[in-house]
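For reference, final.txt is printed below; it contains compact mmCIF, C-alpha atoms.
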```txt
# COMPACT_ATOMS: atom_id res chain seq x y z
CA MET H 1121 -3.15 -22.23 -18.01
CA LEU H 1122 -2.69 -21.96 -14.24
CA GLU H 1123 0.35 -23.80 -12.89
CA LEU H 1124 -0.47 -25.24 -9.45
CA PRO H 1125 2.99 -24.81 -7.85
CA THR H 1126 3.08 -21.18 -8.98
CA VAL H 1127 -0.44 -20.52 -7.68
CA LEU H 1128 0.38 -22.10 -4.32
CA ALA H 1129 3.61 -20.12 -3.92
CA ALA H 1130 1.95 -16.87 -4.94
CA SER H 1131 -1.07 -17.54 -2.69
CA ALA H 1132 1.13 -18.21 0.35
CA ALA H 1133 2.98 -14.95 -0.27
CA ALA H 1134 -0.27 -13.04 -0.84
CA PHE H 1135 -1.75 -14.35 2.43
CA ALA H 1136 1.31 -13.50 4.52
CA LEU H 1137 1.73 -10.05 3.09
CA ALA H 1138 -1.98 -9.19 3.19
CA LEU H 1139 -1.76 -10.04 6.90
CA LEU H 1140 1.25 -7.72 7.23
CA SER H 1141 -0.61 -4.90 5.47
CA ALA H 1142 -3.65 -5.40 7.71
CA VAL H 1143 -1.46 -4.96 10.80
CA ALA H 1144 0.87 -2.17 9.67
CA GLY H 1145 -1.28 -0.54 6.98
CA PHE H 1146 1.37 -1.13 4.34
CA GLY H 1147 4.33 -3.33 3.48
CA GLY H 1148 2.61 -6.17 1.66
CA GLY H 1149 2.94 -4.63 -1.78
CA VAL H 1150 6.56 -3.62 -1.24
CA LEU H 1151 7.55 -7.18 -0.35
CA LEU H 1152 5.17 -8.91 -2.74
CA LEU H 1153 6.49 -7.13 -5.84
CA PRO H 1154 9.90 -8.90 -5.90
CA ILE H 1155 8.17 -12.27 -5.34
CA PHE H 1156 5.72 -11.66 -8.19
CA THR H 1157 8.56 -10.36 -10.37
CA ALA H 1158 10.52 -13.58 -9.82
CA LEU H 1159 7.45 -15.68 -10.64
CA PHE H 1160 5.97 -13.72 -13.54
CA GLY H 1161 8.33 -10.94 -14.73
CA LEU H 1162 8.09 -7.21 -13.96
CA ARG H 1163 5.57 -6.11 -16.61
CA VAL H 1164 3.15 -8.82 -15.49
CA ALA H 1165 3.99 -8.44 -11.80
CA VAL H 1166 3.03 -4.75 -11.47
CA PRO H 1167 -0.57 -5.01 -12.77
CA MET H 1168 -1.01 -8.37 -11.01
CA LEU H 1169 0.13 -6.78 -7.75
CA THR H 1170 -2.45 -4.04 -8.29
CA LEU H 1171 -5.26 -6.60 -8.56
CA THR H 1172 -4.04 -8.30 -5.38
CA GLN H 1173 -3.84 -5.00 -3.53
CA LEU H 1174 -7.32 -4.09 -4.74
CA SER H 1175 -8.87 -7.02 -2.88
CA SER H 1176 -6.59 -6.54 0.14
CA ASN H 1177 -7.46 -2.86 0.51
CA ALA H 1178 -11.16 -3.46 -0.08
CA ALA H 1179 -11.13 -6.02 2.74
CA ARG H 1180 -9.34 -3.63 5.11
CA VAL H 1181 -11.86 -0.89 4.31
CA TRP H 1182 -14.75 -3.23 5.10
CA PHE H 1183 -13.24 -4.60 8.32
CA ASN H 1184 -12.52 -1.06 9.60
CA ARG H 1185 -15.53 0.71 8.05
CA ARG H 1186 -16.74 2.21 11.35
CA ASP H 1187 -13.49 4.14 11.86
CA LEU H 1188 -12.97 5.67 8.40
CA HIS H 1189 -12.07 9.37 8.21
CA TRP H 1190 -13.98 10.40 5.10
CA PRO H 1191 -12.61 13.97 4.61
CA LEU H 1192 -9.06 12.61 4.31
CA ILE H 1193 -10.22 9.92 1.89
CA GLY H 1194 -11.84 12.54 -0.34
CA TRP H 1195 -8.80 14.81 -0.43
CA PHE H 1196 -6.45 11.87 -0.97
CA ALA H 1197 -8.54 10.58 -3.89
CA ALA H 1198 -8.60 14.04 -5.50
CA GLY H 1199 -4.82 13.88 -5.91
CA ALA H 1200 -4.38 10.13 -6.32
CA VAL H 1201 -6.80 9.40 -9.17
CA PRO H 1202 -5.37 11.63 -11.94
CA PHE H 1203 -1.74 10.92 -11.04
CA ALA H 1204 -2.34 7.17 -10.80
CA VAL H 1205 -3.80 7.22 -14.32
CA ALA H 1206 -0.82 9.24 -15.60
CA GLY H 1207 1.67 6.90 -13.91
CA GLY H 1208 -0.09 3.83 -15.28
CA LEU H 1209 0.22 5.16 -18.81
CA LEU H 1210 3.93 5.95 -18.25
CA LEU H 1211 4.82 2.56 -16.77
CA ALA H 1212 6.47 1.20 -19.91
CA HIS H 1213 8.86 4.19 -20.24
CA ALA H 1214 9.71 5.48 -16.74
CA PRO H 1215 13.19 5.03 -15.11
CA ILE H 1216 12.13 2.80 -12.21
CA SER H 1217 15.42 2.26 -10.35
CA PRO H 1218 16.24 5.93 -9.49
CA LEU H 1219 12.67 6.48 -8.29
CA LYS H 1220 12.85 3.52 -5.92
CA ARG H 1221 16.11 4.70 -4.37
CA LEU H 1222 14.76 8.23 -3.91
CA LEU H 1223 11.71 6.82 -2.13
CA GLY H 1224 13.97 4.71 0.10
CA VAL H 1225 15.91 7.79 1.23
CA PHE H 1226 12.66 9.62 1.92
CA LEU H 1227 11.16 6.83 4.07
CA ILE H 1228 14.22 6.40 6.28
CA GLY H 1229 14.57 10.18 6.58
CA VAL H 1230 10.95 10.48 7.74
CA VAL H 1231 11.48 7.99 10.56
CA VAL H 1232 14.62 9.82 11.71
CA TRP H 1233 12.68 13.10 11.61
CA ARG H 1234 9.82 11.61 13.65
CA ARG H 1235 12.28 10.34 16.27
CA LEU H 1236 13.87 13.80 16.57
CA ASN H 1237 10.57 15.69 16.40
CA ARG H 1238 8.29 13.95 18.89
CA ARG H 1239 5.38 16.31 18.26
CA PRO H 1240 5.16 16.79 14.50
CA ARG H 1241 2.76 19.39 13.18
CA LYS H 1242 -0.61 17.92 12.24
CA PRO H 1243 -1.15 18.17 8.45
CA SER H 1244 -4.33 19.81 7.19
CA ASP H 1245 -7.04 17.81 5.47
CA HIS H 1246 -6.46 19.41 2.07
CA SER H 1247 -2.72 18.65 2.19
CA PHE H 1248 -3.67 15.01 1.61
CA ALA H 1249 -4.41 15.89 -2.02
CA GLY H 1250 -0.65 16.26 -2.43
CA VAL H 1251 -0.01 13.05 -0.52
CA GLY H 1252 -2.48 11.28 -2.82
CA ALA H 1253 -0.86 12.72 -5.95
CA ALA H 1254 2.62 11.52 -4.96
CA SER H 1255 1.25 8.15 -3.89
CA GLY H 1256 -0.79 7.70 -7.06
CA LEU H 1257 2.11 8.45 -9.38
CA GLY H 1258 4.64 6.40 -7.40
CA SER H 1259 2.31 3.44 -6.97
CA ALA H 1260 1.50 3.25 -10.67
CA LEU H 1261 5.20 3.26 -11.57
CA LEU H 1262 6.65 1.15 -8.74
CA GLY H 1263 3.77 -1.22 -7.99
CA SER H 1264 3.44 -0.13 -4.34
CA VAL H 1265 4.42 2.92 -2.30
CA GLY H 1266 2.16 2.36 0.68
CA PRO H 1267 4.96 3.37 3.09
CA LEU H 1268 4.99 6.84 1.49
CA THR H 1269 1.60 7.73 2.99
CA ALA H 1270 2.13 6.26 6.47
CA PRO H 1271 4.01 9.21 8.04
CA PHE H 1272 1.28 11.65 7.03
CA PHE H 1273 -1.59 9.57 8.43
CA LEU H 1274 0.41 9.05 11.65
CA ALA H 1275 1.15 12.78 11.93
CA TYR H 1276 -2.57 13.47 11.51
CA GLY H 1277 -3.15 11.36 14.62
CA LEU H 1278 -4.75 8.25 13.16
CA THR H 1279 -3.86 4.90 14.72
CA ARG H 1280 -4.98 1.28 14.52
CA ALA H 1281 -8.44 0.84 12.93
CA ALA H 1282 -8.81 4.50 11.86
CA TYR H 1283 -5.35 4.49 10.29
CA ILE H 1284 -5.66 1.06 8.65
CA GLY H 1285 -9.13 1.69 7.19
CA THR H 1286 -8.59 5.29 6.06
CA GLU H 1287 -5.25 4.52 4.41
CA ALA H 1288 -6.78 1.49 2.69
CA ALA H 1289 -9.74 3.51 1.39
CA GLY H 1290 -7.40 6.08 -0.12
CA ALA H 1291 -5.28 3.33 -1.65
CA LEU H 1292 -8.40 1.70 -3.08
CA THR H 1293 -9.16 4.78 -5.17
CA LEU H 1294 -5.71 4.84 -6.72
CA HIS H 1295 -5.66 1.09 -7.41
CA LEU H 1296 -8.95 1.37 -9.30
CA SER H 1297 -7.45 4.21 -11.33
CA LYS H 1298 -4.29 2.19 -12.04
CA ILE H 1299 -6.34 -0.74 -13.30
CA ALA H 1300 -8.11 1.55 -15.75
CA ALA H 1301 -4.76 2.89 -16.98
CA TYR H 1302 -3.20 -0.58 -17.26
CA GLY H 1303 -6.22 -1.71 -19.25
CA ALA H 1304 -5.79 1.21 -21.63
CA GLY H 1305 -2.13 0.26 -22.00
CA ASP H 1306 -2.89 -3.40 -22.77
CA LEU H 1307 -1.18 -4.57 -19.57
CA LEU H 1308 -4.21 -6.45 -18.21
CA THR H 1309 -3.57 -9.69 -20.07
CA HIS H 1310 -5.43 -12.95 -19.56
CA THR H 1311 -2.54 -14.20 -17.41
CA VAL H 1312 -2.79 -11.17 -15.13
CA LEU H 1313 -6.56 -11.45 -14.74
CA ILE H 1314 -6.62 -15.21 -14.13
CA TYR H 1315 -3.84 -15.19 -11.56
CA GLY H 1316 -5.25 -12.08 -9.92
CA ALA H 1317 -8.58 -13.86 -9.41
CA ALA H 1318 -6.85 -17.03 -8.16
CA LEU H 1319 -4.96 -15.09 -5.47
CA THR H 1320 -7.99 -13.20 -4.14
CA PRO H 1321 -9.09 -15.81 -1.53
CA ALA H 1322 -5.64 -15.91 0.07
CA THR H 1323 -5.49 -12.11 0.13
CA LEU H 1324 -8.89 -11.78 1.82
CA ALA H 1325 -7.97 -14.42 4.39
CA GLY H 1326 -4.74 -12.59 5.26
CA ALA H 1327 -6.60 -9.29 5.69
CA TRP H 1328 -9.12 -10.96 8.02
CA VAL H 1329 -6.46 -12.54 10.23
CA GLY H 1330 -4.53 -9.25 10.34
CA LYS H 1331 -7.63 -7.38 11.51
CA LYS H 1332 -7.94 -9.78 14.43
CA LEU H 1333 -4.32 -9.19 15.41
CA VAL H 1334 -4.31 -5.38 15.17
CA ASN H 1335 -7.16 -5.09 17.69
CA ARG H 1336 -4.79 -6.46 20.34
CA LEU H 1337 -2.07 -3.85 19.83
CA SER H 1338 -1.69 -0.68 21.89
CA ASP H 1339 -1.30 2.63 20.04
CA ARG H 1340 2.35 2.86 21.12
CA VAL H 1341 3.23 -0.62 19.87
CA PHE H 1342 1.28 -0.01 16.67
CA VAL H 1343 3.20 3.19 15.84
CA ALA H 1344 6.52 1.49 16.64
CA LEU H 1345 5.67 -1.37 14.27
CA VAL H 1346 4.76 1.07 11.50
CA GLU H 1347 8.03 2.98 11.93
CA LEU H 1348 9.99 -0.28 11.87
CA GLY H 1349 8.18 -1.16 8.66
CA LEU H 1350 9.08 2.21 7.15
CA VAL H 1351 12.78 1.64 7.80
CA ALA H 1352 12.61 -1.89 6.36
CA ALA H 1353 10.75 -0.68 3.28
CA GLY H 1354 13.21 2.18 2.80
CA ALA H 1355 16.15 -0.22 2.97
CA LEU H 1356 14.53 -2.51 0.39
CA PHE H 1357 13.99 0.41 -1.99
CA LEU H 1358 17.59 1.57 -1.53
CA ILE H 1359 19.04 -1.81 -2.46
CA GLY H 1360 16.75 -1.95 -5.47
CA VAL H 1361 14.33 -4.71 -4.40
```
Could you render the structure as structure tokens?
Amino acid sequence: MLELPTVLAASAAAFALALLSAVAGFGGGVLLLPIFTALFGLRVAVPMLTLTQLSSNAARVWFNRRDLHWPLIGWFAAGAVPFAVAGGLLLAHAPISPLKRLLGVFLIGVVVWRRLNRRPRKPSDHSFAGVGAASGLGSALLGSVGPLTAPFFLAYGLTRAAYIGTEAAGALTLHLSKIAAYGAGDLLTHTVLIYGAALTPATLAGAWVGKKLVNRLSDRVFVALVELGLVAAGALFLIGV
């Protein structure tokens, strides 16, 4: 049975963090996971978060569909799909805490490197297969590692709509793969499916409002916001959130 106070609290969080993801391209899942964990417990929270992110990313793809960079999406999916499936099957046994702290160090280090190296080398299209593989595995185990991909899309030169939509399309492929793996591992319970469906309207609304806001940002402000989000996400991972 759905509990109304829980649905309202989770919906408010889903709306706010879908809006954040629509502006920065990431961050919603990182912050939503501890909220869902407090409400539902970790083993329910991770697959439920995946369902929420599925609708959020699908909305961002649709809202930014004219600016998608399809070659990057294809290469990203080639790495993300198999590793997301593998990570989903390993979820019940993996050491989560050390992985989160390692990711936190990486994210903060990337921002420092970008500040010191103002003209980073543009990654090749096929290198995004490796980005997708790391993202797929980490996302399946940790619930969300959207910040992991941000530095690579920024280094490629994508900003605003192109960045938001392309990153979301890549993430969509790995979330679909994770759902298949969670289903095989009996993690998609009735509770997960019912709450996931109940939170979808709030998630779509947040993505729509975020799209309206991001159109008003300059490229410089947009990149600064993303880098600020990377540092915040890295700090959260380091303290074990």
CA of Pro1243 in chain H to CA of Ile1284 in chain H, distance in Å rounded to a single decimal:
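Those two atoms sit 17.7 Å apart.
Reported to one decimal place, the separation of CA of Asp1306 in chain H from CA of Leu1210 in chain H is 12.4 Å.
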Nearest to Ala1325 in chain H, chosen from H:Val1181, H:Ala1136, H:Leu1192, H:Ile1359, with all atoms listed in the file counted in the distances
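Closest residue, counting all atoms listed in the file: H:Ala1136.
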Point-to-point distance in Å for CA of Ser1175 in chain H and CA of Gly1250 in chain H:
24.7 Å
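With only the atoms specified (only C-alpha atoms) counting, those residues at most 8 Å away from (-5.9, 7.2, 5.1) are Leu1188, His1189, Leu1192, Ile1193, Phe1196, Thr1269, Phe1273, Ala1282, Tyr1283, Ile1284, Gly1285, Thr1286, Glu1287, Ala1288, Ala1289, Gly1290 and Ala1291 of chain H.
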Between H:Thr1323, H:Ser1131, H:Ser1247, H:Asn1335, which has the minimum distance to Ser1176 in chain H (counting all atoms listed in the file)?
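Residue with the minimum atom-to-atom distance to Ser1176 in chain H: H:Thr1323.
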Within 12 Å of Pro1321 in chain H, counting all atoms listed in the file, which residues qualify if same-chain residues fewer than 2 places away don't, as a PyMOL selection string?
chain H and resi 1127-1128+1130-1132+1134-1135+1138+1172+1175-1176+1179+1315-1319+1323-1328
